[in-house]
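Chemist: One structure, as structure tokens, below. Some questions next.
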Amino acid sequence: MNNLLLVVLLIFITFASSTPMRRQDTHLKQCEGTFPNEITSYGFKPYPIIVGQLVTNHVTGKVTVPVEEGATVKHSIYYNNQLRLEHTEDFCSFIVIPSGHTCPVTSQNFDYTVNIMAKSTPNDPKNVVLDFFTRTLITNPDGRNLTCIEQYVKYSFP
Ligand SMILES: *[C@@H]1O[C@H](CO)[C@@H](O)[C@H](O)[C@H]1NC(C)=O
């Protein structure tokens, strides 16, 4: 069981132009609590995500409190209620700039498309699609949590 260690090393590669994506039911919802900036959709292509391949992430939302330079995005990935992986990235250099925008993010509505590598590890399972519970938290440098979403994301291990 503990060989089921998923590492999704998020490496942005290129800015991808916006392509329409079929809506996926990942049961996207806001975390408990109050967060000023809402994410209204979060799509992946291909879906399920194929481990070892690039995945195009398409995220839309609304900004009420500006996202400042130095904001972080923290991903937590759970399987069977156990935390499997957690990592934190610089939100601006990881998501905003590769999507063709700049920080601070002050525009009311945002629509980002970014390609990220779903990196495999030697410990990954084979020939299986697994549904992971994920939490994504965006926090300003002053410590204020701006956005938090939870969703189930399917990863296909070839
Ligand atoms: C931000 O969210 C994290 C994770 O839920 C929490 O531990 C932290 O206390 C929150 N920070 C603030 C300032 O609310």
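In the structure tokens, the first chain shown is A, the next is B, and so on; residue numbers restart at 1 for each chain, and ligands run from 1 in the order shown.
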Could you find all residues in chain A that DSSP calls strand (DSSP E or B) from the backbone, and write them as a VMD selection string?
Modeler: chain A and resid 12 to 15 29 to 30 38 to 45 49 to 50 54 to 62 67 72 to 79 82 to 90 105 109 to 117 128 to 139 145 to 157
Chemist: Would you mind exporting C-alpha atoms of the selected residues as a short mmCIF file (atom, residue, chain, number, x, y, z; two decimals), in the first residue's frame?
Modeler:
data_model
loop_
_atom_site.label_atom_id
_atom_site.label_comp_id
_atom_site.auth_asym_id
_atom_site.auth_seq_id
_atom_site.Cartn_x
_atom_site.Cartn_y
_atom_site.Cartn_z
CA PHE A 12 5.00 24.08 -16.49
CA ILE A 13 6.14 23.75 -20.06
CA THR A 14 4.31 26.04 -22.37
CA PHE A 15 1.43 28.38 -22.53
CA LYS A 29 -16.27 22.40 -4.13
CA GLN A 30 -14.92 25.10 -1.91
CA GLU A 38 -13.78 31.78 -6.12
CA ILE A 39 -12.79 29.09 -8.61
CA THR A 40 -15.71 28.46 -10.89
CA SER A 41 -14.31 25.64 -13.03
CA TYR A 42 -11.24 23.45 -13.18
CA GLY A 43 -10.83 21.13 -16.14
CA PHE A 44 -8.12 18.71 -17.22
CA LYS A 45 -7.20 17.42 -20.64
CA ILE A 49 -4.87 12.54 -16.25
CA ILE A 50 -2.26 10.18 -17.67
CA LEU A 54 1.49 16.61 -19.96
CA VAL A 55 -1.90 17.64 -18.69
CA THR A 56 -3.60 20.86 -19.74
CA ASN A 57 -5.21 22.57 -16.77
CA HIS A 58 -7.97 25.06 -17.47
CA VAL A 59 -9.04 27.16 -14.50
CA THR A 60 -11.57 29.97 -14.31
CA GLY A 61 -12.59 32.09 -11.37
CA LYS A 62 -13.24 35.46 -9.83
CA VAL A 67 -3.32 37.89 -5.66
CA THR A 72 1.70 30.34 -2.99
CA VAL A 73 -0.38 27.45 -4.26
CA LYS A 74 -0.32 24.34 -2.12
CA HIS A 75 -1.55 21.01 -3.44
CA SER A 76 -2.43 18.18 -1.08
CA ILE A 77 -3.26 14.78 -2.55
CA TYR A 78 -5.00 12.07 -0.52
CA TYR A 79 -5.80 8.46 -1.19
CA GLN A 82 -4.17 9.44 3.82
CA LEU A 83 -2.03 12.32 2.68
CA ARG A 84 0.15 10.98 -0.14
CA LEU A 85 1.77 14.11 -1.44
CA GLU A 86 1.95 17.76 -0.59
CA HIS A 87 3.84 20.47 -2.38
CA THR A 88 3.84 24.22 -2.58
CA GLU A 89 4.70 26.36 -5.58
CA ASP A 90 4.98 30.04 -6.33
CA VAL A 105 -3.84 39.49 -10.31
CA ASN A 109 -12.42 37.26 -13.82
CA PHE A 110 -9.54 35.02 -14.71
CA ASP A 111 -9.26 32.23 -17.23
CA TYR A 112 -5.96 30.37 -17.15
CA THR A 113 -4.69 27.52 -19.26
CA VAL A 114 -1.42 25.93 -18.31
CA ASN A 115 0.36 22.71 -19.22
CA ILE A 116 1.79 20.72 -16.33
CA MET A 117 3.69 17.44 -16.32
CA VAL A 128 -5.00 1.26 -13.02
CA VAL A 129 -7.06 4.42 -12.76
CA LEU A 130 -7.24 5.84 -9.23
CA ASP A 131 -9.40 8.62 -7.87
CA PHE A 132 -7.48 10.96 -5.58
CA PHE A 133 -8.96 13.52 -3.23
CA THR A 134 -7.13 16.80 -3.78
CA ARG A 135 -7.07 20.16 -2.05
CA THR A 136 -5.65 23.32 -3.63
CA LEU A 137 -5.02 26.32 -1.41
CA ILE A 138 -3.84 29.75 -2.63
CA THR A 139 -2.38 32.05 0.02
CA ASN A 145 -5.99 32.37 2.36
CA LEU A 146 -7.59 33.53 -0.85
CA THR A 147 -8.91 30.38 -2.46
CA CYS A 148 -9.36 26.79 -1.39
CA ILE A 149 -10.97 24.06 -3.45
CA GLU A 150 -11.37 20.33 -3.08
CA GLN A 151 -12.08 17.85 -5.83
CA TYR A 152 -11.63 14.26 -6.83
CA VAL A 153 -9.13 13.80 -9.66
CA LYS A 154 -8.66 10.59 -11.61
CA TYR A 155 -5.12 9.60 -12.57
CA SER A 156 -4.49 6.82 -15.04
CA PHE A 157 -1.28 4.86 -14.40
#
Chemist: What does the distance from atom 12 (C, counted along the ligand's line) of ligand 1 to CA of Glu32 (chain A) come to in Å, to one decimal?
Modeler: 12.3 Å
Chemist: Hey, what does DSSP flag as helix (DSSP H, G or I) within region 86-148 of chain A? Can you give it to me as a list in words?
Modeler: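 Taking region 86-148 of chain A and keeping helix (DSSP H, G or I) only, one gets Phe91, Cys92, Ser93, Phe94, Ile95 and Val96 of chain A.
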